[in-house]
Amino acid sequence: MEAIKDKIAALRKEIERLNYNYYVLSQSLVSDFEFDGLLKELERLEAEHPEYYDPHSPTQRVGSDINKNFVQVEHVYPMLSLANTYSEGEITDFYNRTRKFLNEDFDLVCELKYDGTSISLVYENGLLTRAVTRGDGVRGDDVTANVRTINSIPLKLHGSDYPALFEIRGEILMPWKVFDALNKERAEAEDALFANPRNATSGTLKQQNPAIVASRHLDSYLYYLLGENLPCDGHFENLEKAGSWGFKISDAIKKCRTLDEVFEFIRYWNVERKNLPVATDGIVLKVNSGLQQLNLGWTAKSPRWAIAYKFQAESAETRLNSVDFQVGRTGTVTPVANLEPVLLSGTIVKRASLHNADIIENFDIHIGDLCFVEKGGEIIPKITGVNKAARFMIGDKVRFIKNCPECGVPLVREKGEAAWYCPNHFGCPPQIKGMIEHFVSRKAMYINIGEETINQFYQAGLVKNVADLYELKAGDILKLERWAEKSAGNFVESVRESVRTPYERTLYALGIRYVGETVAKKLANAFHSIDDLMNAGYEALISVDEIGEVIARSILNYFSIESNRLLISKLKSYGLQFSLGKEALANKTTILNGLTFVISGTFLLHSRDEYKSLIEKNGGKNVGSVSAKTDYILAGENMGPAKLEKAQKWGLKIISEAEFLKMI
Ligand code: IVH
């Protein structure tokens, strides 16, 4: 037995070492294949020997805990912001002010200002115990389960010379590469794009499912140590120590004595930052000595010992040649400006977003106008204004179109929405093709054809809607260019196979506006067949977790259209899955339908997570905090006193584990 324990310990240590080298030092010591082998071996041993479970094992980054509502917690030290400036003159002022106040020599540490989401990490006895977002500076969201999935953040520290308790702050970042891929995927699914990596990061950290966070490959840089017993007086030296404990500390850091050195750093990184894998938006200057920091002190909002120098957002001026209106899969019309090519942040820009009809009207933009283009972290540059002073020969005023540029049908706009769309979903070519592309995509029916083939089928008149795919014969396809007997046969076979795709994916494949993968899953769990879903009214829809007004209206609208209902009955006749399979149903009941539960305290018979999933499997809903609308409190040992008080105040039902298990 001892041998197994040692083997597990050795594997954990080796995997941690490889992880650290890969994610913090960016060095691969072994092949992916070898690494996966070690991880699988450890997973196997841990599964066979649950007695050696350790929440800090490298296998335990993605826990099973689904965050329902994030718990708000108070910061030990408030998270203040930084005074910032765009002017070199104000940096000189800051330097002189500091010199005068301290009346002695001092060092300034220059660092990059990373543009992500700030995070506070607490380590107790070398273990990560808490990760909290900035929130309002006083209290933030406890996002520990999500942050644990970020590989460059150590769960367990190296060495032994770290304080027993300390906090370290830094930035969580989504690398450009990951951001671009994520937005590409979202564009294909016609999901709203993230404006920049910062928004994508904070959106990711607020995800309820840590497995999704893990899939987004976030990274981190840590830049500020706090606590009573830090190893050194100097901020720079403390960060070096933190590096030796396994944290990712940026190399772009320099201790400077003179203003000249500071400006040299600023000018160097203002150019070089464009080659970094993550977004930065300035330089931070910090007085190095902790003692001097203490003397300088804080204002109500920020420390007097630090300042941020922000880089100007890059913008260029160029001429508007014309405007295109593009029609997406769900019919949304997006205005795109065609520009006189211009160099912006290292790339040539020819096209930029013109946002929507209201913004076009506000800009009062005309063809031939000189306009400002910006690329503020977004992949698609945008027009931010018009240089009206430079207008001499005025061209036509840009007006949002009234009819679809592809099929001519009048455009419509929902109340409260900014976008116009073409309602001709079954007759508008880009919508038809887009709908088919979505239907066959990997997360939907997974039929192996691309954009070009869909276009080929559409042009040949073989496929006018997704149902036509199921009528395609190898013989028809063979008449088209580039097809051979084998490829045509394979294709027909993969269409036939696709009817086995489970209900929730089939539902997602229909491409109902706002019904993405997650929403489709929630709907399938709440309404076990498409008939149940079609019959659900507004109230029933919004009572489902995460289904709000907009999604509910979109679903009702979808089923109110005759051709959509016809399409579904056709697809049904080809054998597609429009109800939950036996296996999925087997574990489910409706006993707790419509009831909300709050779980509090610790339990003996099952874990909290198990209770959460038991509640959901039986049709109930978990919520994080007690309200007058809560039906039951499932209380274990040491239930929180605040919850108990509220429960008594509102006369809510408090039940024990045994009572709950009897209920189900
Ligand atoms: S130090 C009290 N260092 O900028 C000083 N902040 O505007 C604590 N930030 O909320 C912050 N890079 O999210 C510091 N190298 C860096 C930073 C940095 C980015 C962010 C941080 C903070 C914001 C302040």
# chains A, B, ... in the order shown; residues from 1 in each chain; ligands from 1
>>> select_by_dssp(residues="range 347-545 of chain A", states="alpha helix (DSSP H)", output="mmCIF file with N, CA, C and O atoms, in the first residue's frame")
data_model
loop_
_atom_site.group_PDB
_atom_site.id
_atom_site.type_symbol
_atom_site.label_atom_id
_atom_site.label_comp_id
_atom_site.auth_asym_id
_atom_site.auth_seq_id
_atom_site.Cartn_x
_atom_site.Cartn_y
_atom_site.Cartn_z
ATOM 1 N N ALA A 357 -27.819 50.745 -37.187
ATOM 2 C CA ALA A 357 -28.532 51.859 -37.826
ATOM 3 C C ALA A 357 -28.478 53.141 -36.991
ATOM 4 O O ALA A 357 -28.287 54.234 -37.522
ATOM 5 N N ASP A 358 -28.642 53.004 -35.678
ATOM 6 C CA ASP A 358 -28.683 54.204 -34.828
ATOM 7 C C ASP A 358 -27.351 54.932 -34.837
ATOM 8 O O ASP A 358 -27.305 56.163 -34.886
ATOM 9 N N ILE A 359 -26.277 54.171 -34.795
ATOM 10 C CA ILE A 359 -24.954 54.802 -34.760
ATOM 11 C C ILE A 359 -24.653 55.481 -36.092
ATOM 12 O O ILE A 359 -24.114 56.584 -36.135
ATOM 13 N N ILE A 360 -25.045 54.850 -37.199
ATOM 14 C CA ILE A 360 -24.849 55.471 -38.514
ATOM 15 C C ILE A 360 -25.557 56.823 -38.549
ATOM 16 O O ILE A 360 -25.017 57.834 -38.996
ATOM 17 N N GLU A 361 -26.769 56.843 -38.028
ATOM 18 C CA GLU A 361 -27.564 58.070 -38.009
ATOM 19 C C GLU A 361 -26.855 59.136 -37.154
ATOM 20 O O GLU A 361 -26.724 60.287 -37.562
ATOM 21 N N ASN A 362 -26.355 58.709 -36.001
ATOM 22 C CA ASN A 362 -25.666 59.649 -35.108
ATOM 23 C C ASN A 362 -24.401 60.237 -35.717
ATOM 24 O O ASN A 362 -24.113 61.402 -35.541
ATOM 25 N N PHE A 363 -23.647 59.390 -36.417
ATOM 26 C CA PHE A 363 -22.402 59.861 -37.036
ATOM 27 C C PHE A 363 -22.693 60.848 -38.166
ATOM 28 O O PHE A 363 -21.855 61.646 -38.515
ATOM 29 N N PRO A 429 -31.143 33.544 -49.498
ATOM 30 C CA PRO A 429 -30.023 32.604 -49.710
ATOM 31 C C PRO A 429 -28.969 32.554 -48.590
ATOM 32 O O PRO A 429 -28.650 31.451 -48.136
ATOM 33 N N PRO A 430 -28.404 33.687 -48.113
ATOM 34 C CA PRO A 430 -27.371 33.528 -47.080
ATOM 35 C C PRO A 430 -27.930 32.926 -45.790
ATOM 36 O O PRO A 430 -27.206 32.256 -45.046
ATOM 37 N N GLN A 431 -29.218 33.163 -45.550
ATOM 38 C CA GLN A 431 -29.807 32.578 -44.342
ATOM 39 C C GLN A 431 -29.997 31.073 -44.499
ATOM 40 O O GLN A 431 -29.744 30.303 -43.580
ATOM 41 N N ILE A 432 -30.447 30.680 -45.691
ATOM 42 C CA ILE A 432 -30.644 29.246 -45.933
ATOM 43 C C ILE A 432 -29.309 28.519 -45.813
ATOM 44 O O ILE A 432 -29.171 27.534 -45.089
ATOM 45 N N LYS A 433 -28.300 29.079 -46.514
ATOM 46 C CA LYS A 433 -26.985 28.420 -46.493
ATOM 47 C C LYS A 433 -26.413 28.448 -45.077
ATOM 48 O O LYS A 433 -25.858 27.460 -44.604
ATOM 49 N N GLY A 434 -26.575 29.590 -44.397
ATOM 50 C CA GLY A 434 -26.063 29.716 -43.035
ATOM 51 C C GLY A 434 -26.739 28.729 -42.095
ATOM 52 O O GLY A 434 -26.101 28.126 -41.232
ATOM 53 N N MET A 435 -28.047 28.545 -42.306
ATOM 54 C CA MET A 435 -28.795 27.634 -41.448
ATOM 55 C C MET A 435 -28.284 26.206 -41.642
ATOM 56 O O MET A 435 -28.134 25.446 -40.690
ATOM 57 N N ILE A 436 -28.020 25.849 -42.905
ATOM 58 C CA ILE A 436 -27.524 24.495 -43.188
ATOM 59 C C ILE A 436 -26.118 24.331 -42.591
ATOM 60 O O ILE A 436 -25.818 23.315 -41.965
ATOM 61 N N GLU A 437 -25.272 25.359 -42.752
ATOM 62 C CA GLU A 437 -23.922 25.274 -42.173
ATOM 63 C C GLU A 437 -23.981 25.045 -40.674
ATOM 64 O O GLU A 437 -23.238 24.257 -40.108
ATOM 65 N N HIS A 438 -24.892 25.747 -40.027
ATOM 66 C CA HIS A 438 -25.033 25.578 -38.579
ATOM 67 C C HIS A 438 -25.550 24.177 -38.257
ATOM 68 O O HIS A 438 -25.053 23.503 -37.362
ATOM 69 N N PHE A 439 -26.534 23.730 -39.012
ATOM 70 C CA PHE A 439 -27.151 22.420 -38.772
ATOM 71 C C PHE A 439 -26.130 21.285 -38.834
ATOM 72 O O PHE A 439 -26.139 20.376 -38.018
ATOM 73 N N VAL A 440 -25.207 21.364 -39.815
ATOM 74 C CA VAL A 440 -24.246 20.268 -39.988
ATOM 75 C C VAL A 440 -23.007 20.419 -39.098
ATOM 76 O O VAL A 440 -22.168 19.525 -39.057
ATOM 77 N N GLU A 451 -18.683 24.769 -46.230
ATOM 78 C CA GLU A 451 -19.392 25.873 -46.854
ATOM 79 C C GLU A 451 -19.520 25.696 -48.372
ATOM 80 O O GLU A 451 -20.585 25.896 -48.943
ATOM 81 N N GLU A 452 -18.403 25.270 -48.981
ATOM 82 C CA GLU A 452 -18.389 25.171 -50.440
ATOM 83 C C GLU A 452 -19.366 24.137 -50.958
ATOM 84 O O GLU A 452 -20.085 24.363 -51.933
ATOM 85 N N THR A 453 -19.381 22.975 -50.274
ATOM 86 C CA THR A 453 -20.278 21.906 -50.711
ATOM 87 C C THR A 453 -21.730 22.326 -50.531
ATOM 88 O O THR A 453 -22.586 22.049 -51.383
ATOM 89 N N ILE A 454 -21.990 23.005 -49.414
ATOM 90 C CA ILE A 454 -23.367 23.461 -49.178
ATOM 91 C C ILE A 454 -23.782 24.401 -50.304
ATOM 92 O O ILE A 454 -24.874 24.288 -50.863
ATOM 93 N N ASN A 455 -22.871 25.282 -50.672
ATOM 94 C CA ASN A 455 -23.147 26.211 -51.761
ATOM 95 C C ASN A 455 -23.403 25.450 -53.069
ATOM 96 O O ASN A 455 -24.325 25.762 -53.817
ATOM 97 N N GLN A 456 -22.591 24.420 -53.284
ATOM 98 C CA GLN A 456 -22.737 23.606 -54.491
ATOM 99 C C GLN A 456 -24.131 22.952 -54.542
ATOM 100 O O GLN A 456 -24.823 23.020 -55.550
ATOM 101 N N PHE A 457 -24.547 22.355 -53.415
ATOM 102 C CA PHE A 457 -25.871 21.705 -53.342
ATOM 103 C C PHE A 457 -26.980 22.734 -53.551
ATOM 104 O O PHE A 457 -27.971 22.486 -54.225
ATOM 105 N N TYR A 458 -26.769 23.908 -52.955
ATOM 106 C CA TYR A 458 -27.795 24.951 -53.036
ATOM 107 C C TYR A 458 -27.917 25.455 -54.478
ATOM 108 O O TYR A 458 -29.016 25.548 -55.015
ATOM 109 N N GLN A 459 -26.771 25.727 -55.105
ATOM 110 C CA GLN A 459 -26.781 26.220 -56.487
ATOM 111 C C GLN A 459 -27.422 25.205 -57.425
ATOM 112 O O GLN A 459 -28.116 25.570 -58.364
ATOM 113 N N ALA A 474 -27.075 9.340 -53.493
ATOM 114 C CA ALA A 474 -25.700 9.345 -54.011
ATOM 115 C C ALA A 474 -25.707 9.649 -55.509
ATOM 116 O O ALA A 474 -24.856 10.383 -56.021
ATOM 117 N N GLY A 475 -26.721 9.127 -56.210
ATOM 118 C CA GLY A 475 -26.822 9.336 -57.657
ATOM 119 C C GLY A 475 -26.918 10.814 -58.031
ATOM 120 O O GLY A 475 -26.291 11.269 -58.997
ATOM 121 N N ASP A 476 -27.697 11.584 -57.237
ATOM 122 C CA ASP A 476 -27.851 13.022 -57.523
ATOM 123 C C ASP A 476 -26.529 13.745 -57.331
ATOM 124 O O ASP A 476 -26.159 14.623 -58.115
ATOM 125 N N ILE A 477 -25.827 13.354 -56.259
ATOM 126 C CA ILE A 477 -24.585 14.052 -55.920
ATOM 127 C C ILE A 477 -23.519 13.767 -56.970
ATOM 128 O O ILE A 477 -22.744 14.630 -57.352
ATOM 129 N N LEU A 478 -23.534 12.522 -57.450
ATOM 130 C CA LEU A 478 -22.515 12.105 -58.423
ATOM 131 C C LEU A 478 -22.531 12.942 -59.700
ATOM 132 O O LEU A 478 -21.520 13.072 -60.383
ATOM 133 N N GLU A 485 -17.867 8.149 -56.545
ATOM 134 C CA GLU A 485 -18.752 7.152 -55.945
ATOM 135 C C GLU A 485 -18.542 7.036 -54.433
ATOM 136 O O GLU A 485 -19.484 7.078 -53.652
ATOM 137 N N LYS A 486 -17.248 6.932 -54.055
ATOM 138 C CA LYS A 486 -16.924 6.683 -52.653
ATOM 139 C C LYS A 486 -17.320 7.876 -51.778
ATOM 140 O O LYS A 486 -17.980 7.720 -50.755
ATOM 141 N N SER A 487 -16.920 9.105 -52.216
ATOM 142 C CA SER A 487 -17.204 10.271 -51.379
ATOM 143 C C SER A 487 -18.711 10.502 -51.269
ATOM 144 O O SER A 487 -19.224 10.830 -50.198
ATOM 145 N N ALA A 488 -19.423 10.282 -52.378
ATOM 146 C CA ALA A 488 -20.874 10.474 -52.340
ATOM 147 C C ALA A 488 -21.512 9.472 -51.384
ATOM 148 O O ALA A 488 -22.381 9.824 -50.578
ATOM 149 N N GLY A 489 -21.044 8.226 -51.455
ATOM 150 C CA GLY A 489 -21.574 7.180 -50.564
ATOM 151 C C GLY A 489 -21.321 7.519 -49.111
ATOM 152 O O GLY A 489 -22.220 7.421 -48.271
ATOM 153 N N ASN A 490 -20.091 7.941 -48.825
ATOM 154 C CA ASN A 490 -19.742 8.308 -47.446
ATOM 155 C C ASN A 490 -20.624 9.434 -46.932
ATOM 156 O O ASN A 490 -21.065 9.426 -45.784
ATOM 157 N N PHE A 491 -20.857 10.385 -47.832
ATOM 158 C CA PHE A 491 -21.648 11.529 -47.407
ATOM 159 C C PHE A 491 -23.080 11.098 -47.047
ATOM 160 O O PHE A 491 -23.603 11.429 -45.987
ATOM 161 N N VAL A 492 -23.696 10.343 -47.935
ATOM 162 C CA VAL A 492 -25.076 9.900 -47.679
ATOM 163 C C VAL A 492 -25.132 9.090 -46.381
ATOM 164 O O VAL A 492 -26.053 9.234 -45.574
ATOM 165 N N GLU A 493 -24.086 8.291 -46.170
ATOM 166 C CA GLU A 493 -24.024 7.480 -44.951
ATOM 167 C C GLU A 493 -23.939 8.387 -43.708
ATOM 168 O O GLU A 493 -24.613 8.150 -42.705
ATOM 169 N N SER A 494 -23.118 9.457 -43.799
ATOM 170 C CA SER A 494 -22.957 10.291 -42.611
ATOM 171 C C SER A 494 -24.237 11.087 -42.329
ATOM 172 O O SER A 494 -24.563 11.370 -41.183
ATOM 173 N N VAL A 495 -25.004 11.396 -43.379
ATOM 174 C CA VAL A 495 -26.314 12.031 -43.155
ATOM 175 C C VAL A 495 -27.233 11.037 -42.437
ATOM 176 O O VAL A 495 -27.903 11.372 -41.467
ATOM 177 N N ARG A 496 -27.226 9.795 -42.922
ATOM 178 C CA ARG A 496 -28.097 8.774 -42.331
ATOM 179 C C ARG A 496 -27.735 8.559 -40.848
ATOM 180 O O ARG A 496 -28.594 8.484 -39.988
ATOM 181 N N GLU A 497 -26.420 8.490 -40.597
ATOM 182 C CA GLU A 497 -25.919 8.315 -39.220
ATOM 183 C C GLU A 497 -26.389 9.431 -38.285
ATOM 184 O O GLU A 497 -26.630 9.223 -37.108
ATOM 185 N N SER A 498 -26.462 10.645 -38.863
ATOM 186 C CA SER A 498 -26.696 11.819 -38.021
ATOM 187 C C SER A 498 -28.047 11.787 -37.322
ATOM 188 O O SER A 498 -28.251 12.512 -36.356
ATOM 189 N N TYR A 503 -31.190 14.432 -28.682
ATOM 190 C CA TYR A 503 -32.204 15.489 -28.740
ATOM 191 C C TYR A 503 -31.636 16.891 -28.509
ATOM 192 O O TYR A 503 -31.903 17.810 -29.287
ATOM 193 N N GLU A 504 -30.818 17.070 -27.437
ATOM 194 C CA GLU A 504 -30.393 18.445 -27.125
ATOM 195 C C GLU A 504 -29.541 19.037 -28.250
ATOM 196 O O GLU A 504 -29.613 20.222 -28.541
ATOM 197 N N ARG A 505 -28.775 18.166 -28.941
ATOM 198 C CA ARG A 505 -27.964 18.690 -30.041
ATOM 199 C C ARG A 505 -28.819 18.954 -31.274
ATOM 200 O O ARG A 505 -28.574 19.887 -32.036
ATOM 201 N N THR A 506 -29.830 18.106 -31.462
ATOM 202 C CA THR A 506 -30.748 18.322 -32.581
ATOM 203 C C THR A 506 -31.475 19.654 -32.393
ATOM 204 O O THR A 506 -31.652 20.431 -33.331
ATOM 205 N N LEU A 507 -31.851 19.908 -31.142
ATOM 206 C CA LEU A 507 -32.542 21.158 -30.815
ATOM 207 C C LEU A 507 -31.627 22.355 -31.106
ATOM 208 O O LEU A 507 -32.047 23.348 -31.700
ATOM 209 N N TYR A 508 -30.370 22.214 -30.718
ATOM 210 C CA TYR A 508 -29.389 23.277 -30.987
ATOM 211 C C TYR A 508 -29.221 23.458 -32.502
ATOM 212 O O TYR A 508 -29.151 24.575 -33.009
ATOM 213 N N ALA A 509 -29.241 22.327 -33.228
ATOM 214 C CA ALA A 509 -29.014 22.370 -34.678
ATOM 215 C C ALA A 509 -30.091 23.164 -35.417
ATOM 216 O O ALA A 509 -29.840 23.709 -36.488
ATOM 217 N N GLU A 517 -25.721 26.123 -27.455
ATOM 218 C CA GLU A 517 -25.545 24.781 -26.911
ATOM 219 C C GLU A 517 -26.088 24.616 -25.494
ATOM 220 O O GLU A 517 -26.806 23.666 -25.207
ATOM 221 N N THR A 518 -25.711 25.548 -24.610
ATOM 222 C CA THR A 518 -26.099 25.425 -23.205
ATOM 223 C C THR A 518 -27.598 25.578 -23.034
ATOM 224 O O THR A 518 -28.233 24.798 -22.317
ATOM 225 N N VAL A 519 -28.150 26.566 -23.714
ATOM 226 C CA VAL A 519 -29.595 26.786 -23.581
ATOM 227 C C VAL A 519 -30.346 25.558 -24.094
ATOM 228 O O VAL A 519 -31.326 25.111 -23.483
ATOM 229 N N ALA A 520 -29.863 24.978 -25.203
ATOM 230 C CA ALA A 520 -30.533 23.789 -25.748
ATOM 231 C C ALA A 520 -30.540 22.659 -24.721
ATOM 232 O O ALA A 520 -31.545 21.962 -24.547
ATOM 233 N N LYS A 521 -29.429 22.504 -24.015
ATOM 234 C CA LYS A 521 -29.353 21.457 -22.984
ATOM 235 C C LYS A 521 -30.361 21.726 -21.874
ATOM 236 O O LYS A 521 -31.079 20.834 -21.435
ATOM 237 N N LYS A 522 -30.409 22.972 -21.430
ATOM 238 C CA LYS A 522 -31.343 23.330 -20.351
ATOM 239 C C LYS A 522 -32.779 23.068 -20.795
ATOM 240 O O LYS A 522 -33.594 22.557 -20.025
ATOM 241 N N LEU A 523 -33.069 23.424 -22.047
ATOM 242 C CA LEU A 523 -34.438 23.231 -22.546
ATOM 243 C C LEU A 523 -34.776 21.746 -22.616
ATOM 244 O O LEU A 523 -35.861 21.326 -22.233
ATOM 245 N N ALA A 524 -33.818 20.944 -23.102
ATOM 246 C CA ALA A 524 -34.082 19.510 -23.237
ATOM 247 C C ALA A 524 -34.316 18.868 -21.876
ATOM 248 O O ALA A 524 -35.150 17.967 -21.732
ATOM 249 N N ASN A 525 -33.600 19.368 -20.858
ATOM 250 C CA ASN A 525 -33.799 18.814 -19.519
ATOM 251 C C ASN A 525 -35.135 19.219 -18.930
ATOM 252 O O ASN A 525 -35.740 18.475 -18.176
ATOM 253 N N ALA A 526 -35.576 20.423 -19.286
ATOM 254 C CA ALA A 526 -36.830 20.907 -18.718
ATOM 255 C C ALA A 526 -38.035 20.377 -19.504
ATOM 256 O O ALA A 526 -39.077 20.067 -18.932
ATOM 257 N N ILE A 530 -39.752 17.697 -28.032
ATOM 258 C CA ILE A 530 -40.002 18.947 -28.748
ATOM 259 C C ILE A 530 -41.480 19.309 -28.661
ATOM 260 O O ILE A 530 -41.836 20.485 -28.670
ATOM 261 N N ASP A 531 -42.348 18.289 -28.540
ATOM 262 C CA ASP A 531 -43.780 18.608 -28.406
ATOM 263 C C ASP A 531 -44.037 19.346 -27.100
ATOM 264 O O ASP A 531 -44.793 20.315 -27.062
ATOM 265 N N ASP A 532 -43.373 18.875 -26.021
ATOM 266 C CA ASP A 532 -43.520 19.582 -24.736
ATOM 267 C C ASP A 532 -43.019 21.015 -24.873
ATOM 268 O O ASP A 532 -43.622 21.953 -24.356
ATOM 269 N N LEU A 533 -41.911 21.169 -25.576
ATOM 270 C CA LEU A 533 -41.327 22.501 -25.727
ATOM 271 C C LEU A 533 -42.253 23.403 -26.550
ATOM 272 O O LEU A 533 -42.489 24.561 -26.214
ATOM 273 N N MET A 534 -42.818 22.845 -27.616
ATOM 274 C CA MET A 534 -43.726 23.627 -28.474
ATOM 275 C C MET A 534 -44.961 24.077 -27.715
ATOM 276 O O MET A 534 -45.500 25.138 -27.983
ATOM 277 N N ASN A 535 -45.397 23.223 -26.765
ATOM 278 C CA ASN A 535 -46.608 23.558 -26.016
ATOM 279 C C ASN A 535 -46.336 24.452 -24.819
ATOM 280 O O ASN A 535 -47.271 24.898 -24.161
ATOM 281 N N TYR A 538 -45.049 31.108 -22.215
ATOM 282 C CA TYR A 538 -44.026 32.052 -21.770
ATOM 283 C C TYR A 538 -43.588 31.791 -20.328
ATOM 284 O O TYR A 538 -42.395 31.695 -20.027
ATOM 285 N N GLU A 539 -44.568 31.628 -19.441
ATOM 286 C CA GLU A 539 -44.252 31.443 -18.015
ATOM 287 C C GLU A 539 -43.422 30.191 -17.795
ATOM 288 O O GLU A 539 -42.448 30.188 -17.056
ATOM 289 N N ALA A 540 -43.852 29.096 -18.465
ATOM 290 C CA ALA A 540 -43.132 27.826 -18.300
ATOM 291 C C ALA A 540 -41.699 27.980 -18.795
ATOM 292 O O ALA A 540 -40.755 27.459 -18.202
ATOM 293 N N LEU A 541 -41.527 28.723 -19.880
ATOM 294 C CA LEU A 541 -40.184 28.882 -20.437
ATOM 295 C C LEU A 541 -39.289 29.674 -19.495
ATOM 296 O O LEU A 541 -38.169 29.262 -19.198
ATOM 297 N N ILE A 542 -39.787 30.807 -19.003
ATOM 298 C CA ILE A 542 -38.879 31.615 -18.181
ATOM 299 C C ILE A 542 -38.654 31.021 -16.792
ATOM 300 O O ILE A 542 -37.762 31.449 -16.080
#
>>> closest_atom_pairs(of="chain A", to="ligand 1", cutoff="9 Å", atoms="only C-alpha atoms and all ligand atoms", output="JSON lines")
{"residue": "A:Met79", "atom": "CA", "partner": "ligand 1", "partner_atom_place_in_ligand_line": "2 (C)", "distance": 6.9}
{"residue": "A:Leu80", "atom": "CA", "partner": "ligand 1", "partner_atom_place_in_ligand_line": "2 (C)", "distance": 5.5}
{"residue": "A:Ser81", "atom": "CA", "partner": "ligand 1", "partner_atom_place_in_ligand_line": "24 (C)", "distance": 4.1}
{"residue": "A:Leu82", "atom": "CA", "partner": "ligand 1", "partner_atom_place_in_ligand_line": "7 (O)", "distance": 4.2}
{"residue": "A:Ala83", "atom": "CA", "partner": "ligand 1", "partner_atom_place_in_ligand_line": "7 (O)", "distance": 6.9}
{"residue": "A:Asn84", "atom": "CA", "partner": "ligand 1", "partner_atom_place_in_ligand_line": "7 (O)", "distance": 7.2}
{"residue": "A:Cys110", "atom": "CA", "partner": "ligand 1", "partner_atom_place_in_ligand_line": "15 (N)", "distance": 8.1}
{"residue": "A:Glu111", "atom": "CA", "partner": "ligand 1", "partner_atom_place_in_ligand_line": "15 (N)", "distance": 5.1}
{"residue": "A:Leu112", "atom": "CA", "partner": "ligand 1", "partner_atom_place_in_ligand_line": "15 (N)", "distance": 5.2}
{"residue": "A:Lys113", "atom": "CA", "partner": "ligand 1", "partner_atom_place_in_ligand_line": "12 (N)", "distance": 3.3}
{"residue": "A:Tyr114", "atom": "CA", "partner": "ligand 1", "partner_atom_place_in_ligand_line": "12 (N)", "distance": 4.0}
{"residue": "A:Asp115", "atom": "CA", "partner": "ligand 1", "partner_atom_place_in_ligand_line": "19 (C)", "distance": 5.9}
{"residue": "A:Gly116", "atom": "CA", "partner": "ligand 1", "partner_atom_place_in_ligand_line": "13 (O)", "distance": 6.9}
{"residue": "A:Thr117", "atom": "CA", "partner": "ligand 1", "partner_atom_place_in_ligand_line": "13 (O)", "distance": 6.0}
{"residue": "A:Ser118", "atom": "CA", "partner": "ligand 1", "partner_atom_place_in_ligand_line": "13 (O)", "distance": 4.0}
{"residue": "A:Ile119", "atom": "CA", "partner": "ligand 1", "partner_atom_place_in_ligand_line": "13 (O)", "distance": 7.3}
{"residue": "A:Arg134", "atom": "CA", "partner": "ligand 1", "partner_atom_place_in_ligand_line": "10 (O)", "distance": 7.3}
{"residue": "A:Gly137", "atom": "CA", "partner": "ligand 1", "partner_atom_place_in_ligand_line": "10 (O)", "distance": 8.9}
{"residue": "A:Arg169", "atom": "CA", "partner": "ligand 1", "partner_atom_place_in_ligand_line": "11 (C)", "distance": 7.6}
{"residue": "A:Gly170", "atom": "CA", "partner": "ligand 1", "partner_atom_place_in_ligand_line": "13 (O)", "distance": 6.7}
{"residue": "A:Glu171", "atom": "CA", "partner": "ligand 1", "partner_atom_place_in_ligand_line": "13 (O)", "distance": 5.9}
{"residue": "A:Ile172", "atom": "CA", "partner": "ligand 1", "partner_atom_place_in_ligand_line": "13 (O)", "distance": 8.8}
{"residue": "A:Tyr221", "atom": "CA", "partner": "ligand 1", "partner_atom_place_in_ligand_line": "15 (N)", "distance": 8.2}
{"residue": "A:Leu222", "atom": "CA", "partner": "ligand 1", "partner_atom_place_in_ligand_line": "15 (N)", "distance": 7.7}
{"residue": "A:Tyr223", "atom": "CA", "partner": "ligand 1", "partner_atom_place_in_ligand_line": "15 (N)", "distance": 5.3}
{"residue": "A:Tyr224", "atom": "CA", "partner": "ligand 1", "partner_atom_place_in_ligand_line": "1 (S)", "distance": 6.0}
{"residue": "A:Ser250", "atom": "CA", "partner": "ligand 1", "partner_atom_place_in_ligand_line": "15 (N)", "distance": 8.7}
{"residue": "A:Ile253", "atom": "CA", "partner": "ligand 1", "partner_atom_place_in_ligand_line": "15 (N)", "distance": 8.8}
{"residue": "A:Thr280", "atom": "CA", "partner": "ligand 1", "partner_atom_place_in_ligand_line": "12 (N)", "distance": 7.8}
{"residue": "A:Asp281", "atom": "CA", "partner": "ligand 1", "partner_atom_place_in_ligand_line": "19 (C)", "distance": 8.1}
{"residue": "A:Gly282", "atom": "CA", "partner": "ligand 1", "partner_atom_place_in_ligand_line": "12 (N)", "distance": 8.0}
{"residue": "A:Ile283", "atom": "CA", "partner": "ligand 1", "partner_atom_place_in_ligand_line": "15 (N)", "distance": 7.2}
{"residue": "A:Val284", "atom": "CA", "partner": "ligand 1", "partner_atom_place_in_ligand_line": "15 (N)", "distance": 5.5}
{"residue": "A:Leu285", "atom": "CA", "partner": "ligand 1", "partner_atom_place_in_ligand_line": "3 (N)", "distance": 8.0}
{"residue": "A:Lys286", "atom": "CA", "partner": "ligand 1", "partner_atom_place_in_ligand_line": "1 (S)", "distance": 7.8}
{"residue": "A:Trp298", "atom": "CA", "partner": "ligand 1", "partner_atom_place_in_ligand_line": "2 (C)", "distance": 8.7}
{"residue": "A:Ser302", "atom": "CA", "partner": "ligand 1", "partner_atom_place_in_ligand_line": "2 (C)", "distance": 6.2}
{"residue": "A:Pro303", "atom": "CA", "partner": "ligand 1", "partner_atom_place_in_ligand_line": "2 (C)", "distance": 5.6}
{"residue": "A:Arg304", "atom": "CA", "partner": "ligand 1", "partner_atom_place_in_ligand_line": "2 (C)", "distance": 9.0}
{"residue": "A:Trp305", "atom": "CA", "partner": "ligand 1", "partner_atom_place_in_ligand_line": "2 (C)", "distance": 8.5}
{"residue": "A:Ala306", "atom": "CA", "partner": "ligand 1", "partner_atom_place_in_ligand_line": "5 (C)", "distance": 6.8}
{"residue": "A:Ile307", "atom": "CA", "partner": "ligand 1", "partner_atom_place_in_ligand_line": "5 (C)", "distance": 8.4}
{"residue": "A:Ala308", "atom": "CA", "partner": "ligand 1", "partner_atom_place_in_ligand_line": "7 (O)", "distance": 7.0}
